[in-house]
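Shown next: query21.txt, containing compact mmCIF, N, CA and C atoms.
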```txt
# COMPACT_ATOMS: atom_id res chain seq x y z
N MET A 1 133.33 -102.88 -30.97
CA MET A 1 131.97 -103.27 -31.21
C MET A 1 131.92 -103.88 -32.62
N LYS A 2 131.30 -105.04 -32.73
CA LYS A 2 131.17 -105.71 -34.02
C LYS A 2 129.70 -105.89 -34.36
N LEU A 3 129.37 -105.64 -35.62
CA LEU A 3 128.01 -105.80 -36.12
C LEU A 3 128.06 -106.64 -37.39
N SER A 4 127.02 -107.43 -37.61
CA SER A 4 126.95 -108.26 -38.81
C SER A 4 125.55 -108.16 -39.40
N PHE A 5 125.49 -108.11 -40.73
CA PHE A 5 124.22 -107.94 -41.42
C PHE A 5 124.16 -108.88 -42.62
N VAL A 6 122.95 -109.34 -42.92
CA VAL A 6 122.70 -110.08 -44.15
C VAL A 6 122.28 -109.07 -45.21
N VAL A 7 122.86 -109.18 -46.39
CA VAL A 7 122.48 -108.34 -47.52
C VAL A 7 121.77 -109.24 -48.52
N PRO A 8 120.45 -109.10 -48.64
CA PRO A 8 119.70 -110.01 -49.51
C PRO A 8 119.89 -109.69 -50.99
N ARG A 9 119.76 -110.71 -51.79
CA ARG A 9 119.89 -110.59 -53.25
C ARG A 9 118.72 -109.79 -53.81
N MET A 10 119.02 -108.75 -54.59
CA MET A 10 118.05 -107.96 -55.35
C MET A 10 116.87 -107.46 -54.52
N ASP A 11 117.04 -107.30 -53.23
CA ASP A 11 115.98 -106.77 -52.36
C ASP A 11 116.34 -105.33 -52.03
N PHE A 12 115.87 -104.41 -52.87
CA PHE A 12 116.27 -103.02 -52.73
C PHE A 12 115.65 -102.34 -51.52
N SER A 13 114.60 -102.91 -50.96
CA SER A 13 114.02 -102.33 -49.74
C SER A 13 114.86 -102.72 -48.53
N ALA A 14 115.56 -103.84 -48.59
CA ALA A 14 116.38 -104.28 -47.46
C ALA A 14 117.83 -103.84 -47.60
N ALA A 15 118.34 -103.80 -48.84
CA ALA A 15 119.71 -103.33 -49.06
C ALA A 15 119.74 -101.85 -48.69
N GLY A 16 120.66 -101.49 -47.86
CA GLY A 16 120.73 -100.12 -47.35
C GLY A 16 120.36 -100.02 -45.89
N LYS A 17 119.73 -101.05 -45.35
CA LYS A 17 119.36 -101.03 -43.93
C LYS A 17 120.59 -101.07 -43.03
N ALA A 18 121.61 -101.82 -43.43
CA ALA A 18 122.83 -101.90 -42.61
C ALA A 18 123.51 -100.54 -42.54
N SER A 19 123.65 -99.88 -43.69
CA SER A 19 124.31 -98.57 -43.68
C SER A 19 123.51 -97.56 -42.88
N THR A 20 122.20 -97.63 -42.94
CA THR A 20 121.36 -96.72 -42.15
C THR A 20 121.53 -96.98 -40.67
N GLU A 21 121.55 -98.24 -40.28
CA GLU A 21 121.72 -98.58 -38.86
C GLU A 21 123.09 -98.14 -38.35
N VAL A 22 124.13 -98.39 -39.13
CA VAL A 22 125.49 -97.99 -38.73
C VAL A 22 125.61 -96.47 -38.67
N LYS A 23 125.01 -95.78 -39.63
CA LYS A 23 125.03 -94.31 -39.63
C LYS A 23 124.43 -93.76 -38.34
N ARG A 24 123.29 -94.28 -37.96
CA ARG A 24 122.63 -93.83 -36.71
C ARG A 24 123.50 -94.13 -35.50
N LEU A 25 124.09 -95.31 -35.46
CA LEU A 25 124.94 -95.70 -34.33
C LEU A 25 126.16 -94.79 -34.23
N LEU A 26 126.83 -94.55 -35.34
CA LEU A 26 128.02 -93.70 -35.32
C LEU A 26 127.68 -92.27 -34.90
N ALA A 27 126.53 -91.78 -35.33
CA ALA A 27 126.10 -90.44 -34.92
C ALA A 27 125.85 -90.41 -33.41
N ARG A 28 125.20 -91.46 -32.88
CA ARG A 28 124.96 -91.53 -31.43
C ARG A 28 126.26 -91.61 -30.65
N LEU A 29 127.28 -92.24 -31.25
CA LEU A 29 128.58 -92.35 -30.59
C LEU A 29 129.37 -91.04 -30.65
N GLY A 30 128.86 -90.06 -31.39
CA GLY A 30 129.49 -88.75 -31.42
C GLY A 30 130.55 -88.56 -32.49
N LEU A 31 130.59 -89.41 -33.49
CA LEU A 31 131.56 -89.23 -34.56
C LEU A 31 131.22 -88.00 -35.39
N ASP A 32 132.26 -87.41 -35.95
CA ASP A 32 132.13 -86.26 -36.82
C ASP A 32 131.16 -86.57 -37.96
N GLN A 33 130.29 -85.61 -38.31
CA GLN A 33 129.28 -85.83 -39.34
C GLN A 33 129.89 -86.20 -40.68
N ASP A 34 131.01 -85.58 -41.05
CA ASP A 34 131.64 -85.90 -42.33
C ASP A 34 132.13 -87.35 -42.35
N MET A 35 132.69 -87.81 -41.24
CA MET A 35 133.15 -89.19 -41.15
C MET A 35 131.97 -90.15 -41.22
N VAL A 36 130.90 -89.84 -40.52
CA VAL A 36 129.69 -90.67 -40.55
C VAL A 36 129.18 -90.78 -41.98
N LYS A 37 129.15 -89.66 -42.69
CA LYS A 37 128.68 -89.65 -44.07
C LYS A 37 129.57 -90.50 -44.97
N ARG A 38 130.88 -90.38 -44.84
CA ARG A 38 131.81 -91.17 -45.65
C ARG A 38 131.58 -92.67 -45.45
N ILE A 39 131.43 -93.06 -44.19
CA ILE A 39 131.22 -94.48 -43.88
C ILE A 39 129.87 -94.95 -44.41
N ALA A 40 128.82 -94.15 -44.19
CA ALA A 40 127.48 -94.53 -44.63
C ALA A 40 127.39 -94.64 -46.15
N VAL A 41 127.98 -93.69 -46.87
CA VAL A 41 127.96 -93.73 -48.34
C VAL A 41 128.69 -94.98 -48.84
N SER A 42 129.84 -95.25 -48.27
CA SER A 42 130.63 -96.42 -48.69
C SER A 42 129.89 -97.72 -48.39
N MET A 43 129.27 -97.78 -47.23
CA MET A 43 128.50 -98.98 -46.88
C MET A 43 127.32 -99.18 -47.82
N TYR A 44 126.60 -98.10 -48.10
CA TYR A 44 125.44 -98.20 -48.98
C TYR A 44 125.88 -98.72 -50.35
N GLU A 45 126.94 -98.15 -50.90
CA GLU A 45 127.44 -98.59 -52.20
C GLU A 45 127.81 -100.08 -52.16
N GLY A 46 128.46 -100.49 -51.08
CA GLY A 46 128.83 -101.90 -50.93
C GLY A 46 127.62 -102.81 -50.84
N GLU A 47 126.63 -102.38 -50.07
CA GLU A 47 125.41 -103.17 -49.95
C GLU A 47 124.72 -103.34 -51.30
N MET A 48 124.64 -102.26 -52.05
CA MET A 48 123.99 -102.33 -53.36
C MET A 48 124.77 -103.25 -54.30
N ASN A 49 126.10 -103.17 -54.26
CA ASN A 49 126.90 -104.06 -55.10
C ASN A 49 126.66 -105.53 -54.76
N VAL A 50 126.61 -105.83 -53.46
CA VAL A 50 126.36 -107.21 -53.03
C VAL A 50 124.97 -107.66 -53.44
N ALA A 51 123.98 -106.78 -53.28
CA ALA A 51 122.60 -107.14 -53.63
C ALA A 51 122.43 -107.32 -55.14
N ILE A 52 123.04 -106.42 -55.92
CA ILE A 52 122.84 -106.44 -57.37
C ILE A 52 123.76 -107.45 -58.07
N HIS A 53 125.04 -107.39 -57.76
CA HIS A 53 126.02 -108.18 -58.50
C HIS A 53 126.45 -109.47 -57.79
N GLY A 54 126.38 -109.47 -56.48
CA GLY A 54 126.92 -110.59 -55.72
C GLY A 54 125.93 -111.66 -55.33
N GLY A 55 124.68 -111.48 -55.71
CA GLY A 55 123.68 -112.49 -55.37
C GLY A 55 123.36 -112.52 -53.89
N GLY A 56 123.63 -111.42 -53.18
CA GLY A 56 123.43 -111.36 -51.74
C GLY A 56 124.71 -111.76 -51.02
N GLY A 57 124.75 -111.48 -49.74
CA GLY A 57 125.94 -111.82 -48.96
C GLY A 57 125.86 -111.23 -47.57
N ARG A 58 127.03 -110.84 -47.05
CA ARG A 58 127.12 -110.35 -45.68
C ARG A 58 127.89 -109.05 -45.63
N ALA A 59 127.54 -108.23 -44.64
CA ALA A 59 128.29 -107.03 -44.32
C ALA A 59 128.67 -107.12 -42.85
N GLU A 60 129.90 -106.77 -42.54
CA GLU A 60 130.36 -106.74 -41.15
C GLU A 60 131.02 -105.40 -40.89
N VAL A 61 130.79 -104.88 -39.71
CA VAL A 61 131.36 -103.60 -39.31
C VAL A 61 132.00 -103.77 -37.95
N GLU A 62 133.22 -103.28 -37.84
CA GLU A 62 133.93 -103.30 -36.57
C GLU A 62 134.28 -101.85 -36.22
N ILE A 63 133.77 -101.40 -35.10
CA ILE A 63 133.98 -100.02 -34.66
C ILE A 63 134.93 -100.02 -33.48
N GLY A 64 136.08 -99.38 -33.67
CA GLY A 64 137.06 -99.27 -32.61
C GLY A 64 137.31 -97.81 -32.27
N ARG A 65 138.23 -97.56 -31.36
CA ARG A 65 138.54 -96.18 -30.96
C ARG A 65 139.19 -95.38 -32.07
N ALA A 66 140.02 -96.02 -32.87
CA ALA A 66 140.79 -95.31 -33.88
C ALA A 66 140.43 -95.69 -35.32
N LEU A 67 139.60 -96.73 -35.47
CA LEU A 67 139.37 -97.26 -36.80
C LEU A 67 137.99 -97.90 -36.91
N VAL A 68 137.35 -97.67 -38.04
CA VAL A 68 136.12 -98.40 -38.39
C VAL A 68 136.48 -99.25 -39.61
N VAL A 69 136.19 -100.55 -39.51
CA VAL A 69 136.46 -101.47 -40.61
C VAL A 69 135.13 -102.03 -41.09
N VAL A 70 134.91 -101.96 -42.41
CA VAL A 70 133.69 -102.47 -43.03
C VAL A 70 134.12 -103.56 -44.01
N ARG A 71 133.45 -104.72 -43.91
CA ARG A 71 133.75 -105.84 -44.81
C ARG A 71 132.46 -106.30 -45.49
N PHE A 72 132.60 -106.65 -46.75
CA PHE A 72 131.51 -107.26 -47.50
C PHE A 72 132.02 -108.56 -48.08
N GLU A 73 131.14 -109.55 -48.13
CA GLU A 73 131.50 -110.82 -48.76
C GLU A 73 130.27 -111.37 -49.47
N ASP A 74 130.49 -111.84 -50.70
CA ASP A 74 129.41 -112.48 -51.44
C ASP A 74 129.96 -113.71 -52.15
N GLN A 75 129.06 -114.52 -52.66
CA GLN A 75 129.43 -115.72 -53.41
C GLN A 75 129.00 -115.58 -54.86
N GLY A 76 128.97 -114.33 -55.34
CA GLY A 76 128.54 -114.05 -56.70
C GLY A 76 129.56 -114.48 -57.73
N PRO A 77 129.41 -113.98 -58.95
CA PRO A 77 130.27 -114.40 -60.06
C PRO A 77 131.69 -113.85 -59.98
N GLY A 78 131.95 -112.92 -59.10
CA GLY A 78 133.28 -112.33 -59.00
C GLY A 78 133.48 -111.21 -60.01
N ILE A 79 134.58 -110.52 -59.87
CA ILE A 79 134.91 -109.40 -60.76
C ILE A 79 136.08 -109.83 -61.63
N ALA A 80 135.86 -109.83 -62.93
CA ALA A 80 136.90 -110.29 -63.87
C ALA A 80 138.06 -109.31 -63.97
N ASP A 81 137.77 -108.02 -63.93
CA ASP A 81 138.79 -106.99 -64.11
C ASP A 81 138.55 -105.89 -63.09
N ILE A 82 139.22 -105.96 -61.96
CA ILE A 82 138.99 -105.00 -60.87
C ILE A 82 139.34 -103.58 -61.31
N LYS A 83 140.42 -103.43 -62.06
CA LYS A 83 140.80 -102.09 -62.53
C LYS A 83 139.69 -101.48 -63.38
N LEU A 84 139.11 -102.25 -64.28
CA LEU A 84 138.01 -101.77 -65.11
C LEU A 84 136.79 -101.46 -64.25
N ALA A 85 136.50 -102.32 -63.27
CA ALA A 85 135.34 -102.11 -62.39
C ALA A 85 135.49 -100.84 -61.55
N MET A 86 136.71 -100.37 -61.36
CA MET A 86 136.96 -99.14 -60.61
C MET A 86 136.78 -97.89 -61.47
N THR A 87 136.54 -98.05 -62.76
CA THR A 87 136.35 -96.93 -63.67
C THR A 87 134.96 -96.32 -63.48
N GLU A 88 134.91 -95.02 -63.23
CA GLU A 88 133.61 -94.36 -63.05
C GLU A 88 132.74 -94.54 -64.29
N GLY A 89 131.51 -94.97 -64.06
CA GLY A 89 130.55 -95.15 -65.14
C GLY A 89 130.52 -96.54 -65.75
N TRP A 90 131.51 -97.38 -65.44
CA TRP A 90 131.53 -98.74 -65.99
C TRP A 90 130.66 -99.63 -65.11
N SER A 91 129.77 -100.39 -65.70
CA SER A 91 128.85 -101.21 -64.92
C SER A 91 128.45 -102.45 -65.69
N THR A 92 128.19 -103.51 -64.95
CA THR A 92 127.65 -104.73 -65.54
C THR A 92 126.18 -104.90 -65.14
N ALA A 93 125.58 -103.86 -64.56
CA ALA A 93 124.17 -103.94 -64.14
C ALA A 93 123.26 -104.15 -65.35
N SER A 94 122.23 -104.92 -65.12
CA SER A 94 121.26 -105.19 -66.18
C SER A 94 120.43 -103.94 -66.48
N GLU A 95 119.77 -103.94 -67.61
CA GLU A 95 118.89 -102.82 -67.97
C GLU A 95 117.78 -102.67 -66.95
N GLU A 96 117.29 -103.80 -66.43
CA GLU A 96 116.23 -103.75 -65.42
C GLU A 96 116.71 -102.98 -64.18
N VAL A 97 117.92 -103.29 -63.72
CA VAL A 97 118.49 -102.62 -62.55
C VAL A 97 118.70 -101.14 -62.85
N ARG A 98 119.22 -100.84 -64.03
CA ARG A 98 119.45 -99.44 -64.42
C ARG A 98 118.14 -98.67 -64.50
N SER A 99 117.08 -99.32 -64.97
CA SER A 99 115.79 -98.63 -65.09
C SER A 99 115.21 -98.27 -63.72
N MET A 100 115.70 -98.91 -62.67
CA MET A 100 115.27 -98.60 -61.30
C MET A 100 116.16 -97.53 -60.67
N GLY A 101 117.15 -97.04 -61.42
CA GLY A 101 118.01 -95.97 -60.92
C GLY A 101 119.29 -96.45 -60.28
N PHE A 102 119.61 -97.71 -60.42
CA PHE A 102 120.84 -98.27 -59.86
C PHE A 102 121.77 -98.66 -61.01
N GLY A 103 123.00 -99.05 -60.66
CA GLY A 103 123.90 -99.58 -61.68
C GLY A 103 124.57 -98.53 -62.53
N ALA A 104 124.82 -97.35 -61.95
CA ALA A 104 125.44 -96.26 -62.72
C ALA A 104 126.96 -96.39 -62.82
N GLY A 105 127.53 -97.41 -62.18
CA GLY A 105 128.97 -97.60 -62.25
C GLY A 105 129.76 -96.69 -61.32
N MET A 106 129.14 -96.27 -60.22
CA MET A 106 129.81 -95.39 -59.28
C MET A 106 130.07 -96.05 -57.93
N GLY A 107 129.61 -97.28 -57.75
CA GLY A 107 129.74 -97.95 -56.46
C GLY A 107 131.17 -98.07 -55.98
N LEU A 108 132.00 -98.80 -56.71
CA LEU A 108 133.40 -98.98 -56.28
C LEU A 108 134.17 -97.66 -56.28
N PRO A 109 134.02 -96.79 -57.30
CA PRO A 109 134.72 -95.51 -57.22
C PRO A 109 134.32 -94.68 -55.99
N ASN A 110 133.04 -94.69 -55.63
CA ASN A 110 132.61 -93.95 -54.43
C ASN A 110 133.18 -94.58 -53.16
N MET A 111 133.27 -95.89 -53.14
CA MET A 111 133.84 -96.57 -51.98
C MET A 111 135.31 -96.18 -51.85
N LYS A 112 136.04 -96.19 -52.96
CA LYS A 112 137.46 -95.82 -52.93
C LYS A 112 137.64 -94.37 -52.50
N ARG A 113 136.80 -93.49 -53.02
CA ARG A 113 136.89 -92.06 -52.72
C ARG A 113 136.66 -91.77 -51.23
N ASN A 114 135.78 -92.53 -50.60
CA ASN A 114 135.40 -92.25 -49.21
C ASN A 114 136.21 -93.01 -48.17
N ALA A 115 136.73 -94.17 -48.52
CA ALA A 115 137.48 -94.97 -47.56
C ALA A 115 138.93 -94.49 -47.49
N ASP A 116 139.55 -94.64 -46.34
CA ASP A 116 140.98 -94.36 -46.23
C ASP A 116 141.80 -95.48 -46.84
N ARG A 117 141.21 -96.67 -46.87
CA ARG A 117 141.87 -97.83 -47.48
C ARG A 117 140.79 -98.75 -48.00
N LEU A 118 140.98 -99.23 -49.23
CA LEU A 118 140.03 -100.15 -49.86
C LEU A 118 140.80 -101.32 -50.43
N GLU A 119 140.38 -102.53 -50.07
CA GLU A 119 140.97 -103.75 -50.60
C GLU A 119 139.86 -104.58 -51.21
N ILE A 120 140.10 -105.09 -52.41
CA ILE A 120 139.12 -105.93 -53.10
C ILE A 120 139.81 -107.23 -53.49
N ASP A 121 139.22 -108.34 -53.09
CA ASP A 121 139.72 -109.66 -53.46
C ASP A 121 138.60 -110.36 -54.22
N SER A 122 138.83 -110.56 -55.51
CA SER A 122 137.79 -111.16 -56.33
C SER A 122 138.39 -111.75 -57.60
N ALA A 123 137.71 -112.72 -58.13
CA ALA A 123 138.07 -113.32 -59.41
C ALA A 123 136.83 -114.04 -59.91
N PRO A 124 136.73 -114.22 -61.22
CA PRO A 124 135.57 -114.93 -61.77
C PRO A 124 135.38 -116.29 -61.10
N GLY A 125 134.13 -116.53 -60.68
CA GLY A 125 133.77 -117.81 -60.08
C GLY A 125 134.10 -117.95 -58.61
N LYS A 126 134.71 -116.94 -57.98
CA LYS A 126 135.05 -117.11 -56.56
C LYS A 126 134.42 -116.07 -55.64
N GLY A 127 133.53 -115.25 -56.15
CA GLY A 127 132.88 -114.25 -55.30
C GLY A 127 133.80 -113.07 -55.06
N THR A 128 133.36 -112.20 -54.17
CA THR A 128 134.09 -110.96 -53.91
C THR A 128 134.13 -110.68 -52.42
N ARG A 129 135.29 -110.23 -51.97
CA ARG A 129 135.47 -109.76 -50.59
C ARG A 129 136.04 -108.35 -50.66
N VAL A 130 135.40 -107.44 -49.95
CA VAL A 130 135.82 -106.04 -49.91
C VAL A 130 136.07 -105.67 -48.46
N ARG A 131 137.17 -104.94 -48.24
CA ARG A 131 137.50 -104.45 -46.90
C ARG A 131 137.80 -102.96 -47.02
N MET A 132 137.12 -102.17 -46.21
CA MET A 132 137.35 -100.73 -46.18
C MET A 132 137.74 -100.32 -44.77
N GLU A 133 138.69 -99.41 -44.68
CA GLU A 133 139.10 -98.85 -43.40
C GLU A 133 138.83 -97.36 -43.40
N PHE A 134 138.39 -96.87 -42.24
CA PHE A 134 138.15 -95.46 -42.02
C PHE A 134 138.87 -95.09 -40.71
N THR A 135 139.89 -94.27 -40.83
CA THR A 135 140.66 -93.86 -39.66
C THR A 135 139.94 -92.70 -38.98
N LEU A 136 139.68 -92.88 -37.70
CA LEU A 136 138.97 -91.85 -36.95
C LEU A 136 139.95 -90.78 -36.46
N PRO A 137 139.65 -89.52 -36.71
CA PRO A 137 140.55 -88.45 -36.27
C PRO A 137 140.68 -88.41 -34.76
N ASP A 138 141.87 -88.18 -34.29
CA ASP A 138 142.13 -88.05 -32.85
C ASP A 138 141.64 -89.25 -32.06
N GLY A 139 141.69 -90.42 -32.67
CA GLY A 139 141.25 -91.62 -31.95
C GLY A 139 139.76 -91.78 -31.90
N GLY A 140 139.01 -90.84 -32.47
CA GLY A 140 137.56 -90.92 -32.52
C GLY A 140 136.93 -90.90 -31.14
N ASN A 141 135.63 -90.95 -31.11
CA ASN A 141 134.89 -91.00 -29.86
C ASN A 141 134.19 -92.34 -29.69
N ALA A 142 134.28 -93.19 -30.70
CA ALA A 142 133.61 -94.49 -30.64
C ALA A 142 134.41 -95.45 -29.79
N SER A 143 133.71 -96.38 -29.17
CA SER A 143 134.42 -97.40 -28.37
C SER A 143 133.82 -98.76 -28.61
```
Transcribe the structure of this file into structure tokens.
Amino acid sequence: MKLSFVVPRMDFSAAGKASTEVKRLLARLGLDQDMVKRIAVSMYEGEMNVAIHGGGGRAEVEIGRALVVVRFEDQGPGIADIKLAMTEGWSTASEEVRSMGFGAGMGLPNMKRNADRLEIDSAPGKGTRVRMEFTLPDGGNAS
């Protein structure tokens, strides 16, 4: 099963809708609650990163029997130093974004912590592509 979502730029009421929809779907499919939470948290963090830093973009989710793959793509400014961006607490969020409770520098670290595999392809001026894999125990119940 494949799903695709638009992640709007700086629209905090819309960012997070994809992760909520996927969370509900995975729960209906009978996936373990801990796995559903890991995927939903990672998706939410990715959506917020795309909305805040990437100028908007797309989220895609592929649900298989043994694996859930989540992809994000944006055409934002890119990440100059991925290793630094993975540091807990490091953020390029504006003061305005921080004053709304976002931009704490935990997005990428939370994604890495929850995903079984995280790949980031980014450079200044070329946008960012993120791919996360979640291996379903015992082949999962999703189809």
Which residues of stretch 118-140 of chain A have any atom within 10 Å of an atom in stretch 45-54 of chain A when counting only C-alpha atoms, and what is the closest pair of atoms for each, with the distance in Å to one decimal? Order the rows by chain and rising number and write it as JSON lines.
```
{"residue": "A:Gly127", "atom": "CA", "partner": "A:Gly54", "partner_atom": "CA", "distance": 7.0}
{"residue": "A:Thr128", "atom": "CA", "partner": "A:Gly54", "partner_atom": "CA", "distance": 7.4}
{"residue": "A:Arg129", "atom": "CA", "partner": "A:Val50", "partner_atom": "CA", "distance": 9.8}
{"residue": "A:Val130", "atom": "CA", "partner": "A:Gly46", "partner_atom": "CA", "distance": 8.2}
{"residue": "A:Arg131", "atom": "CA", "partner": "A:Gly46", "partner_atom": "CA", "distance": 9.9}
{"residue": "A:Met132", "atom": "CA", "partner": "A:Gly46", "partner_atom": "CA", "distance": 9.8}
```
Emit the selected residues as an mmCIF file, in the coordinates of the input, including N, CA and C atoms.
```
data_model
loop_
_atom_site.group_PDB
_atom_site.id
_atom_site.type_symbol
_atom_site.label_atom_id
_atom_site.label_comp_id
_atom_site.auth_asym_id
_atom_site.auth_seq_id
_atom_site.Cartn_x
_atom_site.Cartn_y
_atom_site.Cartn_z
ATOM 1 N N GLY A 127 133.530 -115.250 -56.150
ATOM 2 C CA GLY A 127 132.880 -114.250 -55.300
ATOM 3 C C GLY A 127 133.800 -113.070 -55.060
ATOM 4 N N THR A 128 133.360 -112.200 -54.170
ATOM 5 C CA THR A 128 134.090 -110.960 -53.910
ATOM 6 C C THR A 128 134.130 -110.680 -52.420
ATOM 7 N N ARG A 129 135.290 -110.230 -51.970
ATOM 8 C CA ARG A 129 135.470 -109.760 -50.590
ATOM 9 C C ARG A 129 136.040 -108.350 -50.660
ATOM 10 N N VAL A 130 135.400 -107.440 -49.950
ATOM 11 C CA VAL A 130 135.820 -106.040 -49.910
ATOM 12 C C VAL A 130 136.070 -105.670 -48.460
ATOM 13 N N ARG A 131 137.170 -104.940 -48.240
ATOM 14 C CA ARG A 131 137.500 -104.450 -46.900
ATOM 15 C C ARG A 131 137.800 -102.960 -47.020
ATOM 16 N N MET A 132 137.120 -102.170 -46.210
ATOM 17 C CA MET A 132 137.350 -100.730 -46.180
ATOM 18 C C MET A 132 137.740 -100.320 -44.770
#
```
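Proximity to A:Val68 at 6 Å, evaluated using only N, CA and C atoms and with sequence-adjacent residues fewer than 3 positions away removed, yields Glu62, Ile63, Gly64, Met132, Glu133, Phe134, Thr135 and Leu136 of chain A.
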Output file for the residues above (N, CA and C atoms, as a PDB file, keeping the file's coordinate frame):
```pdb
ATOM      1  N   GLU A  62     133.220-103.280 -37.840  1.00  0.00           N
ATOM      2  CA  GLU A  62     133.930-103.300 -36.570  1.00  0.00           C
ATOM      3  C   GLU A  62     134.280-101.850 -36.220  1.00  0.00           C
ATOM      4  N   ILE A  63     133.770-101.400 -35.100  1.00  0.00           N
ATOM      5  CA  ILE A  63     133.980-100.020 -34.660  1.00  0.00           C
ATOM      6  C   ILE A  63     134.930-100.020 -33.480  1.00  0.00           C
ATOM      7  N   GLY A  64     136.080 -99.380 -33.670  1.00  0.00           N
ATOM      8  CA  GLY A  64     137.060 -99.270 -32.610  1.00  0.00           C
ATOM      9  C   GLY A  64     137.310 -97.810 -32.270  1.00  0.00           C
ATOM     10  N   MET A 132     137.120-102.170 -46.210  1.00  0.00           N
ATOM     11  CA  MET A 132     137.350-100.730 -46.180  1.00  0.00           C
ATOM     12  C   MET A 132     137.740-100.320 -44.770  1.00  0.00           C
ATOM     13  N   GLU A 133     138.690 -99.410 -44.680  1.00  0.00           N
ATOM     14  CA  GLU A 133     139.100 -98.850 -43.400  1.00  0.00           C
ATOM     15  C   GLU A 133     138.830 -97.360 -43.400  1.00  0.00           C
ATOM     16  N   PHE A 134     138.390 -96.870 -42.240  1.00  0.00           N
ATOM     17  CA  PHE A 134     138.150 -95.460 -42.020  1.00  0.00           C
ATOM     18  C   PHE A 134     138.870 -95.090 -40.710  1.00  0.00           C
ATOM     19  N   THR A 135     139.890 -94.270 -40.830  1.00  0.00           N
ATOM     20  CA  THR A 135     140.660 -93.860 -39.660  1.00  0.00           C
ATOM     21  C   THR A 135     139.940 -92.700 -38.980  1.00  0.00           C
ATOM     22  N   LEU A 136     139.680 -92.880 -37.700  1.00  0.00           N
ATOM     23  CA  LEU A 136     138.970 -91.850 -36.950  1.00  0.00           C
ATOM     24  C   LEU A 136     139.950 -90.780 -36.460  1.00  0.00           C
TER      25      LEU A 136
END
```
Could you pull out all residues of stretch 43-86 of chain A with a DSSP call of strand (DSSP E) and give them as a PyMOL selection string?
chain A and resi 57-63+67-74
Alpha helix (DSSP H) residues, from DSSP on the backbone, in stretch 60-123 of chain A, as JSON, numbers by chain
{"A": [82, 83, 84, 85, 95, 96, 97, 98, 99, 107, 108, 109, 110, 111, 112, 113, 114]}
Let me see the file: selected residues, N, CA and C atoms, as a JSON list (two decimals), keeping the file's coordinate frame.
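Listing of again.json after writing:
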```
[["chain", "number", "residue", "atom", "x", "y", "z"],
["A", 82, "ILE", "N", 139.22, -105.96, -61.96],
["A", 82, "ILE", "CA", 138.99, -105.00, -60.87],
["A", 82, "ILE", "C", 139.34, -103.58, -61.31],
["A", 83, "LYS", "N", 140.42, -103.43, -62.06],
["A", 83, "LYS", "CA", 140.80, -102.09, -62.53],
["A", 83, "LYS", "C", 139.69, -101.48, -63.38],
["A", 84, "LEU", "N", 139.11, -102.25, -64.28],
["A", 84, "LEU", "CA", 138.01, -101.77, -65.11],
["A", 84, "LEU", "C", 136.79, -101.46, -64.25],
["A", 85, "ALA", "N", 136.50, -102.32, -63.27],
["A", 85, "ALA", "CA", 135.34, -102.11, -62.39],
["A", 85, "ALA", "C", 135.49, -100.84, -61.55],
["A", 95, "GLU", "N", 119.77, -103.94, -67.61],
["A", 95, "GLU", "CA", 118.89, -102.82, -67.97],
["A", 95, "GLU", "C", 117.78, -102.67, -66.95],
["A", 96, "GLU", "N", 117.29, -103.80, -66.43],
["A", 96, "GLU", "CA", 116.23, -103.75, -65.42],
["A", 96, "GLU", "C", 116.71, -102.98, -64.18],
["A", 97, "VAL", "N", 117.92, -103.29, -63.72],
["A", 97, "VAL", "CA", 118.49, -102.62, -62.55],
["A", 97, "VAL", "C", 118.70, -101.14, -62.85],
["A", 98, "ARG", "N", 119.22, -100.84, -64.03],
["A", 98, "ARG", "CA", 119.45, -99.44, -64.42],
["A", 98, "ARG", "C", 118.14, -98.67, -64.50],
["A", 99, "SER", "N", 117.08, -99.32, -64.97],
["A", 99, "SER", "CA", 115.79, -98.63, -65.09],
["A", 99, "SER", "C", 115.21, -98.27, -63.72],
["A", 107, "GLY", "N", 129.61, -97.28, -57.75],
["A", 107, "GLY", "CA", 129.74, -97.95, -56.46],
["A", 107, "GLY", "C", 131.17, -98.07, -55.98],
["A", 108, "LEU", "N", 132.00, -98.80, -56.71],
["A", 108, "LEU", "CA", 133.40, -98.98, -56.28],
["A", 108, "LEU", "C", 134.17, -97.66, -56.28],
["A", 109, "PRO", "N", 134.02, -96.79, -57.30],
["A", 109, "PRO", "CA", 134.72, -95.51, -57.22],
["A", 109, "PRO", "C", 134.32, -94.68, -55.99],
["A", 110, "ASN", "N", 133.04, -94.69, -55.63],
["A", 110, "ASN", "CA", 132.61, -93.95, -54.43],
["A", 110, "ASN", "C", 133.18, -94.58, -53.16],
["A", 111, "MET", "N", 133.27, -95.89, -53.14],
["A", 111, "MET", "CA", 133.84, -96.57, -51.98],
["A", 111, "MET", "C", 135.31, -96.18, -51.85],
["A", 112, "LYS", "N", 136.04, -96.19, -52.96],
["A", 112, "LYS", "CA", 137.46, -95.82, -52.93],
["A", 112, "LYS", "C", 137.64, -94.37, -52.50],
["A", 113, "ARG", "N", 136.80, -93.49, -53.02],
["A", 113, "ARG", "CA", 136.89, -92.06, -52.72],
["A", 113, "ARG", "C", 136.66, -91.77, -51.23],
["A", 114, "ASN", "N", 135.78, -92.53, -50.60],
["A", 114, "ASN", "CA", 135.40, -92.25, -49.21],
["A", 114, "ASN", "C", 136.21, -93.01, -48.17]]
```
Work out how far atom N of A:Val69 is from atom CA of A:Arg24, in Å to one decimal.
15.4 Å
Env of A:Gly57: 7 Å cut, atoms = only N, CA and C atoms, seq-sep filter 2 positions within chain, self excluded. Answer as a PyMOL selection string.
chain A and resi 5-9+50-51+54-55+59+72-75
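Here atom N of A:Ala27 stands at a distance of 9.5 Å from atom N of A:Ala40.
Shortest atom-to-atom contact with A:Ala80 among A:Leu67, A:Leu3, A:Ala123, A:Leu26: A:Ala123, counting all atoms listed in the file.
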Give the padded box for stretch 41-60 of chain A as JSON: axis-aligned, covering all atoms listed in the file, 4 Å on each side, centre and edge lengths in Å to one decimal.
```
{"center_x": 126.7, "center_y": -103.1, "center_z": -49.7, "size_x": 16.6, "size_y": 26.8, "size_z": 25.6}
```
Between atom C of A:Gly103 and atom N of A:Gln33, what is the distance, to one decimal in Å?
28.0 Å
